[in-house]
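structure_22.cif follows (mmCIF, C-alpha atoms):
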```cif
data_data
#
loop_
_atom_site.label_atom_id
_atom_site.label_comp_id
_atom_site.auth_asym_id
_atom_site.auth_seq_id
_atom_site.Cartn_x
_atom_site.Cartn_y
_atom_site.Cartn_z
CA VAL A 1121 132.19 -44.43 44.95
CA VAL A 1122 135.93 -44.40 45.69
CA TYR A 1123 135.75 -41.00 47.38
CA VAL A 1124 133.04 -42.22 49.75
CA THR A 1125 134.67 -45.55 50.59
CA ALA A 1126 138.06 -43.90 51.14
CA SER A 1127 136.83 -41.03 53.31
CA LEU A 1128 133.98 -42.67 55.26
CA PRO A 1129 136.28 -44.53 57.70
CA TYR A 1130 137.97 -41.23 58.57
CA CYS A 1131 134.59 -39.58 59.19
CA VAL A 1132 133.61 -42.44 61.49
CA LEU A 1133 136.96 -42.22 63.31
CA ILE A 1134 136.50 -38.47 63.80
CA ILE A 1135 133.04 -39.05 65.29
CA TYR A 1136 134.42 -41.75 67.60
CA LEU A 1137 137.33 -39.49 68.55
CA ILE A 1138 135.01 -36.66 69.56
CA ARG A 1139 132.86 -39.06 71.57
CA GLY A 1140 135.87 -40.84 73.07
CA LEU A 1141 137.56 -37.64 74.23
CA THR A 1142 134.39 -36.52 76.01
CA LEU A 1143 134.26 -39.69 78.13
CA HIS A 1144 135.38 -39.66 81.77
CA GLY A 1145 138.86 -41.19 81.99
CA ALA A 1146 139.81 -40.80 78.33
CA VAL A 1147 142.96 -38.95 79.36
CA ASN A 1148 144.06 -41.98 81.42
CA GLY A 1149 144.00 -44.12 78.30
CA LEU A 1150 145.90 -41.55 76.25
CA VAL A 1151 148.55 -41.15 78.96
CA TYR A 1152 148.89 -44.94 79.03
CA MET A 1153 149.22 -45.05 75.24
CA PHE A 1154 151.93 -42.38 75.06
CA THR A 1155 153.92 -43.60 78.09
CA PRO A 1156 156.79 -45.60 76.63
CA LYS A 1157 157.63 -49.03 77.97
CA LEU A 1158 161.22 -49.30 76.82
CA GLU A 1159 161.57 -52.88 78.06
CA GLN A 1160 159.20 -53.91 75.25
CA LEU A 1161 161.87 -52.99 72.69
CA SER A 1162 163.78 -56.13 73.67
CA ASN A 1163 160.66 -58.31 73.36
CA PRO A 1164 160.72 -60.23 70.04
CA LYS A 1165 156.96 -60.84 70.22
CA ALA A 1166 156.36 -57.08 70.14
CA TRP A 1167 158.44 -56.78 66.96
CA ILE A 1168 156.64 -59.70 65.34
CA SER A 1169 153.28 -58.16 66.22
CA ALA A 1170 154.39 -54.81 64.79
CA ALA A 1171 155.56 -56.40 61.54
CA THR A 1172 152.31 -58.35 61.26
CA GLN A 1173 150.33 -55.14 61.76
CA ILE A 1174 152.26 -53.37 59.01
CA PHE A 1175 151.80 -56.25 56.56
CA PHE A 1176 148.07 -56.36 57.20
CA SER A 1177 147.53 -52.59 57.14
CA LEU A 1178 149.51 -52.05 53.95
CA GLY A 1179 148.18 -55.19 52.30
CA LEU A 1180 151.67 -56.37 51.37
CA GLY A 1181 151.89 -59.84 49.94
CA PHE A 1182 148.43 -59.74 48.40
CA GLY A 1183 148.34 -60.33 44.67
CA SER A 1184 145.97 -57.42 44.06
CA LEU A 1185 148.71 -54.88 44.81
CA ILE A 1186 151.06 -56.58 42.40
CA ALA A 1187 148.34 -56.68 39.75
CA PHE A 1188 147.52 -52.98 40.20
CA ALA A 1189 151.21 -52.09 40.08
CA SER A 1190 151.53 -53.69 36.66
CA TYR A 1191 149.19 -51.02 35.24
CA ASN A 1192 151.39 -48.12 36.37
CA GLU A 1193 152.97 -45.86 33.80
CA PRO A 1194 156.74 -46.33 33.43
CA THR A 1195 157.23 -42.68 34.41
CA ASN A 1196 155.33 -43.14 37.67
CA ASN A 1197 157.36 -42.19 40.76
CA CYS A 1198 156.93 -45.40 42.79
CA GLU A 1199 159.34 -44.34 45.51
CA ARG A 1200 157.40 -41.16 46.25
CA HIS A 1201 154.07 -43.03 46.25
CA ALA A 1202 155.46 -45.70 48.57
CA ILE A 1203 156.61 -43.03 51.03
CA ILE A 1204 153.25 -41.23 50.86
CA VAL A 1205 151.29 -44.45 51.39
CA SER A 1206 153.54 -45.42 54.31
CA LEU A 1207 153.14 -42.02 55.97
CA ILE A 1208 149.36 -42.02 55.51
CA ASN A 1209 149.21 -45.58 56.86
CA SER A 1210 151.26 -44.63 59.94
CA ALA A 1211 149.21 -41.50 60.59
CA THR A 1212 145.97 -43.46 60.26
CA SER A 1213 147.24 -46.11 62.68
CA ILE A 1214 148.20 -43.48 65.27
CA PHE A 1215 144.88 -41.68 64.80
CA ALA A 1216 142.92 -44.91 65.24
CA SER A 1217 145.03 -45.75 68.30
CA ILE A 1218 144.14 -42.42 69.89
CA VAL A 1219 140.46 -43.17 69.33
CA THR A 1220 140.84 -46.68 70.74
CA PHE A 1221 142.86 -45.72 73.82
CA SER A 1222 140.53 -42.84 74.74
CA ILE A 1223 137.66 -45.34 74.93
CA TYR A 1224 139.93 -47.89 76.61
CA GLY A 1225 140.82 -45.28 79.26
CA PHE A 1226 137.13 -44.73 79.93
CA LYS A 1227 136.58 -48.47 80.37
CA ALA A 1228 139.56 -48.83 82.72
CA THR A 1229 138.54 -45.78 84.77
CA PHE A 1230 134.97 -47.05 85.03
CA ASN A 1231 136.17 -50.49 86.22
CA TYR A 1232 138.61 -48.90 88.69
CA GLU A 1233 135.99 -46.59 90.18
CA SER A 1234 133.50 -49.45 90.36
CA CYS A 1235 136.06 -51.55 92.26
CA ILE A 1236 136.80 -48.68 94.67
CA ASN A 1237 133.09 -48.11 95.30
CA LYS A 1238 132.57 -51.82 96.04
CA VAL A 1239 135.40 -51.75 98.59
CA ILE A 1240 133.99 -48.60 100.19
CA LEU A 1241 130.50 -50.11 100.38
CA LEU A 1242 131.90 -53.34 101.83
CA LEU A 1243 133.81 -51.48 104.55
CA LEU A 1244 130.89 -49.16 105.32
CA ASN A 1245 128.54 -52.11 105.81
CA ALA A 1246 130.99 -54.38 107.65
CA PHE A 1247 132.10 -51.80 110.20
CA ASP A 1248 128.85 -49.78 110.44
CA LEU A 1249 130.61 -46.63 109.38
CA GLU A 1250 128.79 -43.41 108.72
CA GLU A 1251 127.86 -42.70 105.10
CA GLY A 1252 130.43 -40.31 103.66
CA SER A 1253 133.08 -41.09 106.27
CA LEU A 1254 134.91 -43.27 103.77
CA THR A 1255 135.89 -41.72 100.45
CA VAL A 1256 138.28 -42.46 97.62
CA ASP A 1257 140.73 -39.92 99.06
CA ASN A 1258 140.93 -41.45 102.54
CA LEU A 1259 140.40 -45.11 101.64
CA SER A 1260 143.97 -46.29 102.29
CA GLU A 1261 144.19 -44.43 105.61
CA MET A 1262 140.83 -45.83 106.72
CA LYS A 1263 141.87 -49.35 105.72
CA ASP A 1264 145.01 -48.97 107.84
CA TYR A 1265 142.97 -47.56 110.73
CA LEU A 1266 140.39 -50.35 110.56
CA MET A 1267 143.13 -52.98 110.33
CA ALA A 1268 144.81 -51.58 113.46
CA THR A 1269 141.58 -51.01 115.40
CA TYR A 1270 139.65 -54.17 114.45
CA PRO A 1271 142.31 -56.72 113.43
CA GLN A 1272 140.13 -59.85 113.70
CA GLU A 1273 137.15 -58.39 111.85
CA TYR A 1274 139.41 -56.94 109.17
CA ALA A 1275 141.25 -60.25 108.76
CA GLN A 1276 137.94 -62.02 108.11
CA LEU A 1277 136.98 -59.36 105.59
CA ALA A 1278 140.41 -59.12 103.92
CA PRO A 1279 139.81 -61.83 101.25
CA GLN A 1280 136.81 -59.86 99.98
CA ILE A 1281 138.68 -56.55 99.79
CA LYS A 1282 140.08 -56.13 96.30
CA ASN A 1283 143.24 -54.19 95.57
CA CYS A 1284 141.95 -51.69 93.01
CA SER A 1285 144.49 -50.22 90.62
CA LEU A 1286 143.98 -48.10 87.53
CA GLU A 1287 147.31 -49.30 86.14
CA ALA A 1288 146.21 -52.92 86.50
CA GLU A 1289 142.96 -52.11 84.70
CA LEU A 1290 144.89 -50.45 81.88
CA ASP A 1291 147.28 -53.40 81.60
CA THR A 1292 144.46 -55.89 80.99
#
```

Please render this file's structure as structure tokens.
Amino acid sequence: VVYVTASLPYCVLIIYLIRGLTLHGAVNGLVYMFTPKLEQLSNPKAWISAATQIFFSLGLGFGSLIAFASYNEPTNNCERHAIIVSLINSATSIFASIVTFSIYGFKATFNYESCINKVILLLLNAFDLEEGSLTVDNLSEMKDYLMATYPQEYAQLAPQIKNCSLEAELDT
């Protein structure tokens, strides 16, 4: 029973990892995860959240660990076991984060592309543009062109035009 309950979460994580990495935009989430934000090192809330995560993932402070420790042999190498458990815990946390952020990158990319497509459709319909004349690649140039050519119409439409950003989607 112990072998199944200990290894099943890793099997599920591997399945989710394979699925997550095959999703469109997974790389965006992984790049976001591994891009350091050094200003967060001076944020006390980040340190408190990290400490809370460690306490919960290791189960420190729960009486069951103390009770199990009382059954250890006196010759047991507790220091070595503590290091091994800490390393396995850290590796599992990083592995689970990779799974999570690959799926998170897909979600953010999907929302970003949906936002861009809504803006394109809005501009195509409002200015009677030809289908295919407005793409993701030329959206900013076309917005500038439409703003310069039709300033009044664009000004009326401006509140409906969202500023789509993948970074903003990843930050939410």

### Proximity to Asn1237 of chain A - best of A:Asn1283, A:Ser1169, A:Gln1160, A:Asn1197, all atoms listed in the file
A:Asn1283

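Atom CA of Ser1162 of chain A is found 28.4 Å from atom CA of Ala1202 of chain A.
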
### Message
What's the separation between atom CA of Phe1226 of chain A and atom CA of Ala1146 of chain A, in Å to one decimal place?
### Response
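Between these atoms lies a distance of 5.0 Å.
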
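Here atom CA of Met1153 of chain A and atom CA of Thr1229 of chain A stand 14.3 Å from one another.
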
### Task
I would like the residues chosen by the PyMOL selection byres ((chain A and resi 1289) around 10) on the shown file; could you give them as a list in words?
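Given this file, the PyMOL selection byres ((chain A and resi 1289) around 10) evaluates to Tyr1224, Gly1225, Lys1227, Ala1228, Thr1229, Phe1230, Asn1231, Tyr1232, Cys1284, Ser1285, Leu1286, Glu1287, Ala1288, Leu1290, Asp1291 and Thr1292 of chain A.
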
### Message
Residues within 10 Å of Phe1215 of chain A, please, as a ChimeraX atom specification. Count all atoms listed in the file; anything in the same chain fewer than 5 positions from it doesn't count.
### Response
/A:1130,1133-1134,1137,1209-1210,1220

### Task
Quick one: everything within 9 Å of segment 1259-1263 of chain A, counting all atoms listed in the file, minus sequence neighbours fewer than 2 positions away in the same chain. Send it as a PyMOL selection string.
chain A and resi 1236+1239-1240+1243+1254-1257+1265-1268+1274

### Message
List as a PyMOL selection string the protein and nucleic acid residues near segment 1277-1279 of chain A, meaning an atom at most 9 Å away when all atoms listed in the file are counted, but skip any in the same chain fewer than 5 places from it.
### Response
chain A and resi 1242-1243+1246+1272

### Task
Pick out the residues sitting within 12 Å of Ile1218 of chain A, and hand them over as a list in words; count all atoms listed in the file, and ignore anything fewer than 4 positions along from it in its own chain.
Leu1133, Ile1134, Tyr1136, Leu1137, Ile1138, Arg1139, Gly1140, Leu1141, Ala1146, Val1147, Asn1148, Gly1149, Leu1150, Val1151, Tyr1152, Met1153, Phe1154, Ala1211, Thr1212, Ser1213, Ile1214, Ser1222, Ile1223, Tyr1224 and Gly1225 of chain A
